[in-house]
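Trainee: Here you go, my_file-v2.cif (mmCIF, N, CA and C atoms):
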```
data_model
loop_
_atom_site.group_PDB
_atom_site.id
_atom_site.type_symbol
_atom_site.label_atom_id
_atom_site.label_comp_id
_atom_site.auth_asym_id
_atom_site.auth_seq_id
_atom_site.Cartn_x
_atom_site.Cartn_y
_atom_site.Cartn_z
ATOM 1 N N MET A 28 94.210 113.667 141.583
ATOM 2 C CA MET A 28 92.879 114.144 141.874
ATOM 3 C C MET A 28 92.362 113.378 143.097
ATOM 4 N N SER A 29 91.948 114.082 144.135
ATOM 5 C CA SER A 29 91.433 113.387 145.302
ATOM 6 C C SER A 29 89.967 113.734 145.518
ATOM 7 N N HIS A 30 89.237 112.752 145.977
ATOM 8 C CA HIS A 30 87.817 112.948 146.241
ATOM 9 C C HIS A 30 87.628 113.819 147.479
ATOM 10 N N GLU A 31 86.671 114.730 147.406
ATOM 11 C CA GLU A 31 86.340 115.553 148.565
ATOM 12 C C GLU A 31 85.367 114.843 149.488
ATOM 13 N N ILE A 32 84.636 113.845 148.954
ATOM 14 C CA ILE A 32 83.733 113.053 149.779
ATOM 15 C C ILE A 32 84.052 111.586 149.539
ATOM 16 N N THR A 33 83.577 110.735 150.425
ATOM 17 C CA THR A 33 83.822 109.302 150.296
ATOM 18 C C THR A 33 82.699 108.642 149.499
ATOM 19 N N LEU A 34 82.928 107.402 149.125
ATOM 20 C CA LEU A 34 81.900 106.625 148.443
ATOM 21 C C LEU A 34 80.645 106.537 149.308
ATOM 22 N N GLU A 35 80.827 106.315 150.588
ATOM 23 C CA GLU A 35 79.691 106.207 151.501
ATOM 24 C C GLU A 35 78.903 107.516 151.565
ATOM 25 N N GLN A 36 79.607 108.638 151.596
ATOM 26 C CA GLN A 36 78.936 109.941 151.618
ATOM 27 C C GLN A 36 78.187 110.188 150.316
ATOM 28 N N ALA A 37 78.803 109.818 149.199
ATOM 29 C CA ALA A 37 78.134 109.986 147.904
ATOM 30 C C ALA A 37 76.860 109.152 147.856
ATOM 31 N N ALA A 38 76.931 107.914 148.342
ATOM 32 C CA ALA A 38 75.754 107.051 148.356
ATOM 33 C C ALA A 38 74.666 107.614 149.269
ATOM 34 N N GLU A 39 75.062 108.122 150.434
ATOM 35 C CA GLU A 39 74.084 108.694 151.364
ATOM 36 C C GLU A 39 73.408 109.927 150.762
ATOM 37 N N ARG A 40 74.182 110.774 150.114
ATOM 38 C CA ARG A 40 73.612 111.979 149.495
ATOM 39 C C ARG A 40 72.689 111.625 148.344
ATOM 40 N N ALA A 41 73.055 110.633 147.554
ATOM 41 C CA ALA A 41 72.177 110.191 146.470
ATOM 42 C C ALA A 41 70.867 109.646 147.036
ATOM 43 N N HIS A 42 70.945 108.933 148.132
ATOM 44 C CA HIS A 42 69.746 108.399 148.776
ATOM 45 C C HIS A 42 68.877 109.532 149.307
ATOM 46 N N GLN A 43 69.494 110.560 149.887
ATOM 47 C CA GLN A 43 68.749 111.714 150.383
ATOM 48 C C GLN A 43 68.022 112.425 149.248
ATOM 49 N N VAL A 44 68.692 112.578 148.110
ATOM 50 C CA VAL A 44 68.063 113.207 146.950
ATOM 51 C C VAL A 44 66.854 112.391 146.506
ATOM 52 N N GLU A 45 67.004 111.075 146.492
ATOM 53 C CA GLU A 45 65.886 110.207 146.095
ATOM 54 C C GLU A 45 64.696 110.391 147.036
ATOM 55 N N ILE A 46 64.944 110.428 148.333
ATOM 56 C CA ILE A 46 63.859 110.590 149.308
ATOM 57 C C ILE A 46 63.165 111.933 149.119
ATOM 58 N N ILE A 47 63.934 112.984 148.952
ATOM 59 C CA ILE A 47 63.359 114.317 148.760
ATOM 60 C C ILE A 47 62.513 114.352 147.489
ATOM 61 N N ALA A 48 63.034 113.781 146.413
ATOM 62 C CA ALA A 48 62.297 113.770 145.147
ATOM 63 C C ALA A 48 60.994 112.986 145.279
ATOM 64 N N ARG A 49 61.023 111.879 146.008
ATOM 65 C CA ARG A 49 59.797 111.090 146.203
ATOM 66 C C ARG A 49 58.777 111.854 147.044
ATOM 67 N N LEU A 50 59.239 112.601 148.040
ATOM 68 C CA LEU A 50 58.330 113.430 148.840
ATOM 69 C C LEU A 50 57.675 114.505 147.979
ATOM 70 N N MET A 51 58.479 115.138 147.132
ATOM 71 C CA MET A 51 57.935 116.176 146.253
ATOM 72 C C MET A 51 56.921 115.571 145.285
ATOM 73 N N GLU A 52 57.194 114.372 144.819
ATOM 74 C CA GLU A 52 56.283 113.696 143.896
ATOM 75 C C GLU A 52 54.968 113.345 144.593
ATOM 76 N N SER A 53 55.048 112.959 145.863
ATOM 77 C CA SER A 53 53.858 112.540 146.605
ATOM 78 C C SER A 53 52.993 113.711 147.061
ATOM 79 N N TYR A 54 53.608 114.859 147.294
ATOM 80 C CA TYR A 54 52.877 116.016 147.825
ATOM 81 C C TYR A 54 53.120 117.279 146.992
ATOM 82 N N PRO A 55 52.929 117.226 145.681
ATOM 83 C CA PRO A 55 53.293 118.377 144.840
ATOM 84 C C PRO A 55 52.457 119.625 145.090
ATOM 85 N N HIS A 56 51.224 119.473 145.485
ATOM 86 C CA HIS A 56 50.355 120.638 145.640
ATOM 87 C C HIS A 56 50.300 121.149 147.076
ATOM 88 N N GLN A 57 51.043 120.531 147.968
ATOM 89 C CA GLN A 57 51.051 120.954 149.359
ATOM 90 C C GLN A 57 52.273 121.796 149.699
ATOM 91 N N LEU A 58 53.089 122.099 148.705
ATOM 92 C CA LEU A 58 54.306 122.878 148.934
ATOM 93 C C LEU A 58 54.126 124.289 148.388
ATOM 94 N N MET A 59 54.598 125.245 149.155
ATOM 95 C CA MET A 59 54.577 126.640 148.702
ATOM 96 C C MET A 59 55.785 126.879 147.806
ATOM 97 N N ASP A 60 55.726 127.941 147.009
ATOM 98 C CA ASP A 60 56.818 128.246 146.080
ATOM 99 C C ASP A 60 58.155 128.375 146.801
ATOM 100 N N CYS A 61 58.166 129.040 147.951
ATOM 101 C CA CYS A 61 59.426 129.221 148.680
ATOM 102 C C CYS A 61 59.971 127.880 149.176
ATOM 103 N N GLU A 62 59.093 126.942 149.502
ATOM 104 C CA GLU A 62 59.533 125.620 149.932
ATOM 105 C C GLU A 62 60.123 124.840 148.753
ATOM 106 N N ILE A 63 59.497 124.980 147.605
ATOM 107 C CA ILE A 63 60.010 124.312 146.408
ATOM 108 C C ILE A 63 61.381 124.864 146.039
ATOM 109 N N GLU A 64 61.564 126.172 146.160
ATOM 110 C CA GLU A 64 62.865 126.785 145.881
ATOM 111 C C GLU A 64 63.930 126.263 146.839
ATOM 112 N N ALA A 65 63.598 126.164 148.125
ATOM 113 C CA ALA A 65 64.551 125.666 149.115
ATOM 114 C C ALA A 65 64.891 124.202 148.858
ATOM 115 N N ILE A 66 63.884 123.412 148.536
ATOM 116 C CA ILE A 66 64.101 121.993 148.250
ATOM 117 C C ILE A 66 64.939 121.831 146.990
ATOM 118 N N SER A 67 64.677 122.637 145.985
ATOM 119 C CA SER A 67 65.460 122.572 144.736
ATOM 120 C C SER A 67 66.929 122.897 144.992
ATOM 121 N N ALA A 68 67.178 123.893 145.832
ATOM 122 C CA ALA A 68 68.561 124.247 146.169
ATOM 123 C C ALA A 68 69.241 123.104 146.917
ATOM 124 N N LEU A 69 68.507 122.459 147.821
ATOM 125 C CA LEU A 69 69.053 121.325 148.565
ATOM 126 C C LEU A 69 69.379 120.165 147.633
ATOM 127 N N ILE A 70 68.476 119.868 146.718
ATOM 128 C CA ILE A 70 68.722 118.795 145.751
ATOM 129 C C ILE A 70 69.958 119.112 144.908
ATOM 130 N N ALA A 71 70.084 120.350 144.471
ATOM 131 C CA ALA A 71 71.238 120.741 143.657
ATOM 132 C C ALA A 71 72.540 120.567 144.437
ATOM 133 N N ARG A 72 72.540 120.975 145.705
ATOM 134 C CA ARG A 72 73.749 120.871 146.520
ATOM 135 C C ARG A 72 74.107 119.405 146.775
ATOM 136 N N LEU A 73 73.125 118.597 147.136
ATOM 137 C CA LEU A 73 73.385 117.185 147.402
ATOM 138 C C LEU A 73 73.820 116.441 146.147
ATOM 139 N N SER A 74 73.095 116.635 145.061
ATOM 140 C CA SER A 74 73.409 115.903 143.834
ATOM 141 C C SER A 74 74.687 116.413 143.185
ATOM 142 N N GLY A 75 74.988 117.698 143.361
ATOM 143 C CA GLY A 75 76.214 118.251 142.784
ATOM 144 C C GLY A 75 77.457 117.574 143.314
ATOM 145 N N SER A 76 77.496 117.318 144.627
ATOM 146 C CA SER A 76 78.669 116.658 145.201
ATOM 147 C C SER A 76 78.761 115.207 144.734
ATOM 148 N N VAL A 77 77.613 114.574 144.508
ATOM 149 C CA VAL A 77 77.613 113.200 144.006
ATOM 150 C C VAL A 77 78.115 113.179 142.559
ATOM 151 N N VAL A 78 77.656 114.103 141.761
ATOM 152 C CA VAL A 78 78.101 114.186 140.362
ATOM 153 C C VAL A 78 79.606 114.434 140.296
ATOM 154 N N THR A 79 80.093 115.328 141.142
ATOM 155 C CA THR A 79 81.530 115.604 141.186
ATOM 156 C C THR A 79 82.304 114.349 141.559
ATOM 157 N N TRP A 80 81.833 113.641 142.584
ATOM 158 C CA TRP A 80 82.499 112.416 143.019
ATOM 159 C C TRP A 80 82.533 111.392 141.887
ATOM 160 N N LEU A 81 81.388 111.202 141.228
ATOM 161 C CA LEU A 81 81.327 110.233 140.140
ATOM 162 C C LEU A 81 82.264 110.611 138.998
ATOM 163 N N GLY A 82 82.328 111.897 138.680
ATOM 164 C CA GLY A 82 83.230 112.356 137.626
ATOM 165 C C GLY A 82 84.682 112.084 137.967
ATOM 166 N N GLU A 83 85.062 112.358 139.222
ATOM 167 C CA GLU A 83 86.434 112.084 139.661
ATOM 168 C C GLU A 83 86.731 110.588 139.630
ATOM 169 N N GLU A 84 85.778 109.800 140.060
ATOM 170 C CA GLU A 84 85.956 108.344 140.067
ATOM 171 C C GLU A 84 86.122 107.817 138.642
ATOM 172 N N MET A 85 85.324 108.306 137.730
ATOM 173 C CA MET A 85 85.439 107.884 136.325
ATOM 174 C C MET A 85 86.799 108.273 135.754
ATOM 175 N N ALA A 86 87.258 109.486 136.061
ATOM 176 C CA ALA A 86 88.558 109.935 135.566
ATOM 177 C C ALA A 86 89.687 109.069 136.117
ATOM 178 N N GLN A 87 89.600 108.718 137.400
ATOM 179 C CA GLN A 87 90.634 107.860 137.997
ATOM 180 C C GLN A 87 90.627 106.485 137.364
ATOM 181 N N ARG A 88 89.465 105.945 137.111
ATOM 182 C CA ARG A 88 89.390 104.610 136.505
ATOM 183 C C ARG A 88 89.925 104.616 135.084
ATOM 184 N N ARG A 89 89.646 105.692 134.362
ATOM 185 C CA ARG A 89 90.150 105.792 132.982
ATOM 186 C C ARG A 89 91.662 105.885 132.950
ATOM 187 N N SER A 90 92.233 106.560 133.969
ATOM 188 C CA SER A 90 93.685 106.728 134.001
ATOM 189 C C SER A 90 94.389 105.520 134.613
ATOM 190 N N GLY A 91 93.601 104.557 135.104
ATOM 191 C CA GLY A 91 94.175 103.337 135.638
ATOM 192 C C GLY A 91 94.661 103.431 137.058
ATOM 193 N N LYS A 92 94.215 104.433 137.815
ATOM 194 C CA LYS A 92 94.676 104.599 139.206
ATOM 195 C C LYS A 92 93.696 104.031 140.172
#
```
With the file now loaded, output its structure as structure tokens.

Mentor:
Amino acid sequence: MSHEITLEQAAERAHQVEIIARLMESYPHQLMDCEIEAISALIARLSGSVVTWLGEEMAQRRSGK
């Protein structure tokens, strides 16, 4: 099983998700529905690759590789 992204990329994407989530938390009533939908899709795409990376890393560690 090989990672599609690197540890550094996973960390950067996780950081981006955190920043986006904090912006949404700070300005919840200033966003239109279409903006929230776009931001939600971006969060899903960024966090999905991080979750995949973490899952692969956990599987490799369990198998001793």

Trainee: Which residues are close to region 46-60 of chain A, i.e. within 12 Å by only C-alpha atoms, leaving aside same-chain residues fewer than 5 positions away? Reply as a JSON list (two decimals) with N, CA and C atoms, in the coordinates of the input.

Mentor:
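Output saved as part30.json:
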```json
[["chain", "number", "residue", "atom", "x", "y", "z"],
["A", 39, "GLU", "N", 75.06, 108.12, 150.43],
["A", 39, "GLU", "CA", 74.08, 108.69, 151.36],
["A", 39, "GLU", "C", 73.41, 109.93, 150.76],
["A", 40, "ARG", "N", 74.18, 110.77, 150.11],
["A", 40, "ARG", "CA", 73.61, 111.98, 149.50],
["A", 40, "ARG", "C", 72.69, 111.62, 148.34],
["A", 41, "ALA", "N", 73.06, 110.63, 147.55],
["A", 41, "ALA", "CA", 72.18, 110.19, 146.47],
["A", 41, "ALA", "C", 70.87, 109.65, 147.04],
["A", 65, "ALA", "N", 63.60, 126.16, 148.12],
["A", 65, "ALA", "CA", 64.55, 125.67, 149.12],
["A", 65, "ALA", "C", 64.89, 124.20, 148.86],
["A", 66, "ILE", "N", 63.88, 123.41, 148.54],
["A", 66, "ILE", "CA", 64.10, 121.99, 148.25],
["A", 66, "ILE", "C", 64.94, 121.83, 146.99],
["A", 67, "SER", "N", 64.68, 122.64, 145.99],
["A", 67, "SER", "CA", 65.46, 122.57, 144.74],
["A", 67, "SER", "C", 66.93, 122.90, 144.99],
["A", 68, "ALA", "N", 67.18, 123.89, 145.83],
["A", 68, "ALA", "CA", 68.56, 124.25, 146.17],
["A", 68, "ALA", "C", 69.24, 123.10, 146.92],
["A", 69, "LEU", "N", 68.51, 122.46, 147.82],
["A", 69, "LEU", "CA", 69.05, 121.32, 148.56],
["A", 69, "LEU", "C", 69.38, 120.16, 147.63],
["A", 70, "ILE", "N", 68.48, 119.87, 146.72],
["A", 70, "ILE", "CA", 68.72, 118.80, 145.75],
["A", 70, "ILE", "C", 69.96, 119.11, 144.91],
["A", 71, "ALA", "N", 70.08, 120.35, 144.47],
["A", 71, "ALA", "CA", 71.24, 120.74, 143.66],
["A", 71, "ALA", "C", 72.54, 120.57, 144.44],
["A", 73, "LEU", "N", 73.12, 118.60, 147.14],
["A", 73, "LEU", "CA", 73.39, 117.18, 147.40],
["A", 73, "LEU", "C", 73.82, 116.44, 146.15],
["A", 74, "SER", "N", 73.10, 116.64, 145.06],
["A", 74, "SER", "CA", 73.41, 115.90, 143.83],
["A", 74, "SER", "C", 74.69, 116.41, 143.18]]
```

Trainee: State, in Å with one decimal place, the distance from CA of Val44 (chain A) to CA of Ser76 (chain A).

Mentor: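 Result for CA of Val44 (chain A) versus CA of Ser76 (chain A): 11.3 Å, one decimal.
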
Trainee: Near region 35-37 of chain A, counting all atoms listed in the file, which residues have an atom at most 8 Å away, once you skip same-chain residues fewer than 6 positions from it, shown as a count of residues only?

Mentor: 7

Trainee: Where in chain A does DSSP assign alpha helix (DSSP H), given as a ChimeraX atom specification?

Mentor: /A:34-53,60-90

Trainee: Just to confirm, what's the straight-line distance from CA of Ile32 (chain A) to CA of Thr79 (chain A) in Å (one decimal)?

Mentor: 9.2 Å
